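Inspection log for the structure reproduced underneath, given as structure tokens.
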Amino acid sequence: MELRPDTEIVHGGRPQGAGSTLNHPVVLNSTYRAGGPRGYGRSGNETWDALEEVVGTLEGGEAVAFASGIAAVTAVLDQVPPGGAVVSSKPIYMGTWGQLEERAAQGRIEVRYVDIADASGVLDAARGAALIWLETPSNPTLEIADIAAIAAGRDAGTRLVVDGTFTSPLLQRPLDLGADVVVHSATKLIGGHADLLLGLAVGDAACAEAMRAHRTDYGAVPGALEAFLALRGLRTLAVRLERAQANAAAIAAFLDADPRVARVLYPGLVAHPGHAVAARQMAGFGTMLSFELVGEPERATALCQAVRVLGHATSLGGVESLVEHRGAKDWERRMGTPPGLIRLSAGIEHPDDLIADLGQALAAACGG
Ligand SMILES: Cc1ncc(COP(=O)(O)O)c(C=O)c1O
């Protein structure tokens with residue numbers, strides 16, 4: 001029986017049969033007795049399998065777990081042939097951008113930067129390219145790419161990769177829209193509790209085989225405990241998303257109405273340039289937003305230092321709301337992120353407490 005995603009995340013990947021444990025155990029093990037299907041722990045682990053089974057089913061492909069999101073990104077970028085062109089926007093997650101820049105500086109790849117919100121511009125730039133990298137919504141500026149339009153218009157040999165970290169498999173299914181590979185930092189929404197690092201890459205069987213070979217050969221293996229925790233986090237993703245998305249929408253509306261706020265970037269706002277595409281390709285507008293204050297960029301730092309309920313920290317996708325003055329980071333400036341940009345990850349607290357906290361932090365940073 002085919003289950004809805006909200007049910008699949010609860011029941012998938014569990015041992016079956018009388019007397020079996022309900023949860024897949026944490027298999028802490030480095031080697032297997034000879035003669036069976038498994039040999040050495042770097043090639044596979046039963047706890048990874050349980051997580052991969054659920055995420056693969058949700059995405060409609062085969063999932064491979066890695067030690068971190070950036071390890072999954074690395075495994076995908078390592079598939080680009082020498083001299084191949086990669087099309088991407090910027091700003092994107094700084095670790096991915098850093099790899100693109102470094103690989104280009106070493107002459108290993110060519111990078112063509114585009115505006116991912118402009119599908120025809122992406123397609124023009126992607127002629128003859130090896131890979132299109134779409135981080136949608138993008139980190140930290142929440143740009144939206146039309147995955148289906150780009151998938152349909154690209155050259156046959158151009159691989160389309162979507163970083164779905166901001167959506168999780170429950171809000172966007174890129175493989176259904178024509179993408180070849182989806183990567184996730186499961187450190188974020190999938191794990192959901194800021195207590196683990198883990199990554200996932202999902203594609204067809206051939207892609208998964210290449211990903212698994214990369215993981216085994218280069219060693220970016222997840223810990224069994226991390227895989228267990230990621231699956232435990234995933235079990236509650238649907239309900240976490242419900243509250244966190246409602247909080248994000250409420251915060252976006254609150255900030256948007258405040259004269260001390262210059263601009264709010266949230267795909268759920270009708271004025272967001274990617275709103276229509278997001279409404280079509282996402283099952284919800286997500287838990288992330290960014291905003292800028294009127295006045296000096298230093299006000300953004302002051303706001304982040306003034307919050308008391310929200311946390312002031314990097315990262316995102318957890319039960320706890322976080323803010324960060326992303327625009328103050330050197331690498332963000334180099335990617336073109338506005339200097340005053342604050343990124344906000346909405347958690348699952350009561351919305352009134354979050355809005356009251358942001359209200360007092362706005363007063364502390366901007367007066368009024
Ligand atoms: C969009 C995106 N992709 C990839 C990563 C890398 O994931 P990890 O920190 O799990 O290595 C991050 C981390 O913030 C991210 O935001």
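Numbering starts fresh at 1 for the residues of each chain in the structure tokens, the chains themselves are lettered A, B, ... in the order given, and ligands are numbered from 1 as they appear.
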
Dump as a tab-separated table the rows for residues of chain A within 9 Å of ligand 1: closest atom pair and distance in Å with one decimal, only C-alpha atoms and all ligand atoms counted, ordered by chain and rising residue number.
```
residue	atom	partner	partner_atom_place_in_ligand_line	distance
A:Ala67	CA	ligand 1	11 (O)	7.8
A:Ser68	CA	ligand 1	11 (O)	4.1
A:Gly69	CA	ligand 1	7 (O)	3.4
A:Ile70	CA	ligand 1	11 (O)	3.8
A:Ala71	CA	ligand 1	11 (O)	6.4
A:Ala72	CA	ligand 1	11 (O)	7.9
A:Val73	CA	ligand 1	4 (C)	6.9
A:Ile92	CA	ligand 1	1 (C)	7.0
A:Tyr93	CA	ligand 1	1 (C)	4.9
A:Met94	CA	ligand 1	15 (C)	7.9
A:Gly95	CA	ligand 1	6 (C)	6.5
A:Thr96	CA	ligand 1	4 (C)	6.8
A:Glu135	CA	ligand 1	1 (C)	6.5
A:Thr136	CA	ligand 1	1 (C)	8.4
A:Pro137	CA	ligand 1	1 (C)	8.4
A:Ser138	CA	ligand 1	1 (C)	6.7
A:Asn139	CA	ligand 1	1 (C)	5.6
A:Pro140	CA	ligand 1	16 (O)	8.1
A:Asp163	CA	ligand 1	1 (C)	6.1
A:Gly164	CA	ligand 1	1 (C)	7.0
A:Thr165	CA	ligand 1	1 (C)	5.0
A:Phe166	CA	ligand 1	1 (C)	6.4
A:Val183	CA	ligand 1	3 (N)	7.6
A:His184	CA	ligand 1	3 (N)	6.4
A:Ser185	CA	ligand 1	7 (O)	4.2
A:Ala186	CA	ligand 1	10 (O)	6.1
A:Thr187	CA	ligand 1	10 (O)	4.7
A:Lys188	CA	ligand 1	10 (O)	7.1
A:Leu196	CA	ligand 1	10 (O)	8.5
A:Leu197	CA	ligand 1	10 (O)	5.2
A:Leu198	CA	ligand 1	10 (O)	5.3
A:Gly199	CA	ligand 1	10 (O)	5.6
A:Thr314	CA	ligand 1	14 (O)	8.2
A:Ser315	CA	ligand 1	14 (O)	5.7
A:Leu316	CA	ligand 1	14 (O)	7.2
```

Output C-alpha atoms of each residue in that selection to a file, as a PDB file, in the first residue's frame.
```pdb
ATOM      1  CA  ALA A  67      28.736  12.348   7.026  1.00  0.00           C
ATOM      2  CA  SER A  68      27.409  15.861   6.369  1.00  0.00           C
ATOM      3  CA  GLY A  69      25.506  17.870   3.808  1.00  0.00           C
ATOM      4  CA  ILE A  70      28.750  19.206   2.382  1.00  0.00           C
ATOM      5  CA  ALA A  71      30.052  15.647   1.954  1.00  0.00           C
ATOM      6  CA  ALA A  72      26.989  14.919  -0.211  1.00  0.00           C
ATOM      7  CA  VAL A  73      27.644  18.136  -2.164  1.00  0.00           C
ATOM      8  CA  ILE A  92      24.181  30.048  -2.278  1.00  0.00           C
ATOM      9  CA  TYR A  93      25.302  28.045   0.739  1.00  0.00           C
ATOM     10  CA  MET A  94      28.837  29.279   1.269  1.00  0.00           C
ATOM     11  CA  GLY A  95      30.372  25.800   1.473  1.00  0.00           C
ATOM     12  CA  THR A  96      29.023  24.878  -1.953  1.00  0.00           C
ATOM     13  CA  GLU A 135      19.617  25.740  -4.542  1.00  0.00           C
ATOM     14  CA  THR A 136      15.919  26.528  -4.293  1.00  0.00           C
ATOM     15  CA  PRO A 137      14.945  28.302  -2.108  1.00  0.00           C
ATOM     16  CA  SER A 138      18.487  29.615  -1.950  1.00  0.00           C
ATOM     17  CA  ASN A 139      20.489  30.290   1.181  1.00  0.00           C
ATOM     18  CA  PRO A 140      20.317  33.045   2.413  1.00  0.00           C
ATOM     19  CA  ASP A 163      19.848  21.315  -3.050  1.00  0.00           C
ATOM     20  CA  GLY A 164      16.598  20.792  -1.152  1.00  0.00           C
ATOM     21  CA  THR A 165      17.898  21.641   2.317  1.00  0.00           C
ATOM     22  CA  PHE A 166      15.389  24.508   2.786  1.00  0.00           C
ATOM     23  CA  VAL A 183      20.988  16.778  -1.972  1.00  0.00           C
ATOM     24  CA  HIS A 184      20.049  17.602   1.596  1.00  0.00           C
ATOM     25  CA  SER A 185      21.861  18.824   4.612  1.00  0.00           C
ATOM     26  CA  ALA A 186      19.945  16.520   6.983  1.00  0.00           C
ATOM     27  CA  THR A 187      21.686  18.472   9.733  1.00  0.00           C
ATOM     28  CA  LYS A 188      18.842  20.951   9.243  1.00  0.00           C
ATOM     29  CA  LEU A 196      23.690  15.933  14.460  1.00  0.00           C
ATOM     30  CA  LEU A 197      25.497  16.439  11.154  1.00  0.00           C
ATOM     31  CA  LEU A 198      24.426  14.309   8.195  1.00  0.00           C
ATOM     32  CA  GLY A 199      23.878  14.647   4.446  1.00  0.00           C
ATOM     33  CA  THR A 314      24.237  29.930  12.666  1.00  0.00           C
ATOM     34  CA  SER A 315      22.432  26.922  11.143  1.00  0.00           C
ATOM     35  CA  LEU A 316      18.726  26.361  10.626  1.00  0.00           C
TER      36      LEU A 316
END
```

Exercise for the section: Within 12 Å of Thr7 in chain A, counting only C-alpha atoms, which residues show up once you throw out same-chain ones fewer than 2 positions away? Write them as a list in words, please. Expected result: Met1, Glu2, Leu3, Arg4, Pro5, Ile9, Val10, His11, Gly12, Gly13, Val54, Thr57, Leu58, Leu170, Leu234, Arg235, Thr236, Leu237, Ala238 and Val239 of chain A

Residues just named, written with N, CA and C atoms as an mmCIF file, in the first residue's frame:
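As written to disk, selection31.cif reads:
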```
data_model
loop_
_atom_site.group_PDB
_atom_site.id
_atom_site.type_symbol
_atom_site.label_atom_id
_atom_site.label_comp_id
_atom_site.auth_asym_id
_atom_site.auth_seq_id
_atom_site.Cartn_x
_atom_site.Cartn_y
_atom_site.Cartn_z
ATOM 1 N N MET A 1 0.857 -1.202 0.000
ATOM 2 C CA MET A 1 0.000 0.000 0.000
ATOM 3 C C MET A 1 0.894 1.254 0.000
ATOM 4 N N GLU A 2 0.590 2.138 -0.947
ATOM 5 C CA GLU A 2 1.396 3.355 -0.996
ATOM 6 C C GLU A 2 0.922 4.348 0.070
ATOM 7 N N LEU A 3 1.849 4.777 0.880
ATOM 8 C CA LEU A 3 1.479 5.651 1.996
ATOM 9 C C LEU A 3 1.721 7.110 1.632
ATOM 10 N N ARG A 4 0.952 7.991 2.241
ATOM 11 C CA ARG A 4 1.208 9.429 2.083
ATOM 12 C C ARG A 4 2.527 9.748 2.802
ATOM 13 N N PRO A 5 3.236 10.781 2.340
ATOM 14 C CA PRO A 5 4.546 11.083 2.935
ATOM 15 C C PRO A 5 4.507 11.234 4.460
ATOM 16 N N ILE A 9 6.923 8.754 6.719
ATOM 17 C CA ILE A 9 8.014 9.151 7.630
ATOM 18 C C ILE A 9 7.854 8.530 9.018
ATOM 19 N N VAL A 10 6.638 8.194 9.370
ATOM 20 C CA VAL A 10 6.416 7.588 10.688
ATOM 21 C C VAL A 10 6.684 6.082 10.647
ATOM 22 N N HIS A 11 6.250 5.424 9.585
ATOM 23 C CA HIS A 11 6.290 3.954 9.581
ATOM 24 C C HIS A 11 7.400 3.345 8.731
ATOM 25 N N GLY A 12 7.994 4.133 7.839
ATOM 26 C CA GLY A 12 9.005 3.552 6.940
ATOM 27 C C GLY A 12 10.274 3.156 7.679
ATOM 28 N N GLY A 13 11.035 2.258 7.087
ATOM 29 C CA GLY A 13 12.366 1.917 7.592
ATOM 30 C C GLY A 13 12.372 1.213 8.938
ATOM 31 N N VAL A 54 13.695 5.390 3.964
ATOM 32 C CA VAL A 54 12.597 6.354 4.129
ATOM 33 C C VAL A 54 12.805 7.558 3.202
ATOM 34 N N THR A 57 12.198 6.679 -0.473
ATOM 35 C CA THR A 57 10.765 6.559 -0.773
ATOM 36 C C THR A 57 10.124 7.937 -0.882
ATOM 37 N N LEU A 58 10.478 8.831 0.034
ATOM 38 C CA LEU A 58 9.884 10.182 0.010
ATOM 39 C C LEU A 58 10.250 10.930 -1.262
ATOM 40 N N LEU A 170 9.568 16.780 2.251
ATOM 41 C CA LEU A 170 8.106 16.936 2.374
ATOM 42 C C LEU A 170 7.563 18.162 1.648
ATOM 43 N N LEU A 234 13.275 12.778 11.567
ATOM 44 C CA LEU A 234 12.394 12.737 10.391
ATOM 45 C C LEU A 234 10.975 12.295 10.746
ATOM 46 N N ARG A 235 10.859 11.420 11.731
ATOM 47 C CA ARG A 235 9.533 10.910 12.134
ATOM 48 C C ARG A 235 8.552 12.038 12.444
ATOM 49 N N THR A 236 9.041 13.153 12.971
ATOM 50 C CA THR A 236 8.147 14.248 13.389
ATOM 51 C C THR A 236 8.177 15.429 12.419
ATOM 52 N N LEU A 237 8.800 15.232 11.261
ATOM 53 C CA LEU A 237 8.989 16.378 10.360
ATOM 54 C C LEU A 237 7.673 17.021 9.935
ATOM 55 N N ALA A 238 6.664 16.210 9.638
ATOM 56 C CA ALA A 238 5.406 16.791 9.136
ATOM 57 C C ALA A 238 4.791 17.750 10.157
ATOM 58 N N VAL A 239 4.771 17.342 11.418
ATOM 59 C CA VAL A 239 4.152 18.227 12.422
ATOM 60 C C VAL A 239 5.068 19.407 12.739
#
```

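Non-sequential neighbours of Ser43 in chain A (distance at most 8 Å, separation of 4 or more positions within a chain, only C-alpha atoms) are Arg38, Gly39, Arg212, Arg215 and Thr216 of chain A.
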
Residues of the last selection are to be written out with N, CA and C atoms, as a short mmCIF file (atom, residue, chain, number, x, y, z; two decimals), in the first residue's frame.
```
data_model
loop_
_atom_site.label_atom_id
_atom_site.label_comp_id
_atom_site.auth_asym_id
_atom_site.auth_seq_id
_atom_site.Cartn_x
_atom_site.Cartn_y
_atom_site.Cartn_z
N ARG A 38 27.53 -8.31 3.65
CA ARG A 38 28.30 -7.13 4.07
C ARG A 38 29.71 -7.54 4.50
N GLY A 39 30.65 -6.66 4.21
CA GLY A 39 32.02 -6.97 4.58
C GLY A 39 32.57 -6.02 5.61
N ARG A 212 27.37 5.91 -3.54
CA ARG A 212 27.84 4.93 -2.54
C ARG A 212 29.32 4.63 -2.74
N ARG A 215 31.30 7.45 -1.38
CA ARG A 215 31.31 7.42 0.09
C ARG A 215 32.29 6.37 0.61
N THR A 216 32.25 5.20 -0.01
CA THR A 216 33.16 4.13 0.43
C THR A 216 34.61 4.49 0.13
#
```

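Among A:Glu226, A:Glu242, A:Glu110, A:Glu209, the residue with the shortest atom-to-atom distance to Val27 in chain A, counting only C-alpha atoms, is A:Glu226.
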
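Candidate residues A:Gly44, A:Pro297, A:Gly233, A:Gly153 were compared for distance to Ala213 in chain A, and the nearest is A:Gly44, using only C-alpha atoms.
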
Completion exercise
Here CA of Thr47 in chain A and CA of Glu8 in chain A stand apart by 17.0 Å

Handout entry: Residue neighbourhood range 79-89 of chain A, 6 Å, only C-alpha atoms, exclusion window fewer than 5 positions, as a count of residues only
Key = 14

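Taking CA of Ala145 in chain A and CA of Gly274 in chain A as the two end points, the separation is 7.6 Å.
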
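Straight-line separation from CA of Leu160 in chain A to CA of Ala125 in chain A: 13.4 Å.
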
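Taking only C-alpha atoms into account, Phe291 in chain A lies nearest to A:Ile342 out of the set A:His312, A:Ile342, A:His272, A:Gly157.
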
Write out as JSON lines a residue-level contact list of range 6-122 of chain A versus range 277-281 of chain A with cut-off 12 Å: for each qualifying residue the closest pair of atoms and the distance in Å to one decimal, counting only C-alpha atoms, rows sorted by chain and residue number upward.
```
{"residue": "A:Ile116", "atom": "CA", "partner": "A:Val277", "partner_atom": "CA", "distance": 11.9}
{"residue": "A:Ala117", "atom": "CA", "partner": "A:Val277", "partner_atom": "CA", "distance": 9.3}
{"residue": "A:Asp118", "atom": "CA", "partner": "A:Val277", "partner_atom": "CA", "distance": 11.3}
{"residue": "A:Ala119", "atom": "CA", "partner": "A:Val277", "partner_atom": "CA", "distance": 11.0}
```

Requested write-out: N, CA and C atoms of the selected residues, as a compact mmCIF listing (two decimals), in the first residue's frame:
```txt
# COMPACT_ATOMS: atom_id res chain seq x y z
N ILE A 116 19.11 32.30 -10.84
CA ILE A 116 18.29 31.08 -10.99
C ILE A 116 16.80 31.36 -11.10
N ALA A 117 16.40 32.59 -10.78
CA ALA A 117 14.97 32.91 -10.93
C ALA A 117 14.61 33.12 -12.40
N ASP A 118 15.62 33.25 -13.25
CA ASP A 118 15.40 33.49 -14.68
C ASP A 118 15.68 32.17 -15.43
N ALA A 119 14.62 31.37 -15.62
CA ALA A 119 14.82 30.02 -16.18
C ALA A 119 15.44 30.07 -17.57
```

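Considering the residues A:Ala361, A:Ala126, A:Ala148, A:Ala194 and counting only C-alpha atoms, Ala313 in chain A has its shortest atom-to-atom contact with A:Ala194.
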
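Residues lying within 10 Å of Gly368 in chain A, counting only C-alpha atoms and ignoring same-chain neighbours fewer than 5 positions away, are Arg260, Gly359, Gln360, Leu362 and Ala363 of chain A.
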
Practice task
Go through A:Arg159, A:Arg343, A:Arg308, A:Arg103 and flag the residue nearest Leu175 in chain A, using only C-alpha atoms for the distances.
Solution key: A:Arg159

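When only C-alpha atoms are used to compute distances to Ser345 in chain A, the closest of the residues A:Ala105, A:Ala65, A:Val319, A:Ala300 turns out to be A:Val319.
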
Problem - Residues within 10 Å of Tyr40 in chain A, only C-alpha atoms, excluding chain neighbours under 5 positions, as a ChimeraX atom specification - result: /A:29-34,45,216

For those residues, write N, CA and C atoms to a file as a tab-separated table (two decimals), in the first residue's frame.
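The resulting file, result.tsv, is shown below:
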```tsv
chain	number	residue	atom	x	y	z
A	29	ASN	N	29.24	-0.79	14.56
A	29	ASN	CA	29.94	-1.96	14.07
A	29	ASN	C	30.85	-1.57	12.91
A	30	SER	N	32.06	-2.13	12.90
A	30	SER	CA	32.98	-1.78	11.81
A	30	SER	C	33.20	-2.93	10.83
A	31	THR	N	32.88	-4.18	11.21
A	31	THR	CA	33.13	-5.27	10.27
A	31	THR	C	32.10	-6.39	10.47
A	32	TYR	N	32.01	-7.27	9.48
A	32	TYR	CA	30.99	-8.32	9.49
A	32	TYR	C	31.67	-9.68	9.31
A	33	ARG	N	31.10	-10.70	9.87
A	33	ARG	CA	31.64	-12.05	9.66
A	33	ARG	C	31.61	-12.38	8.17
A	34	ALA	N	32.65	-13.04	7.74
A	34	ALA	CA	32.81	-13.33	6.30
A	34	ALA	C	31.69	-14.24	5.79
A	45	ASN	N	25.82	0.04	6.42
A	45	ASN	CA	25.45	-0.11	7.83
A	45	ASN	C	23.92	-0.17	7.89
A	216	THR	N	32.25	5.20	-0.01
A	216	THR	CA	33.16	4.13	0.43
A	216	THR	C	34.61	4.49	0.13
```
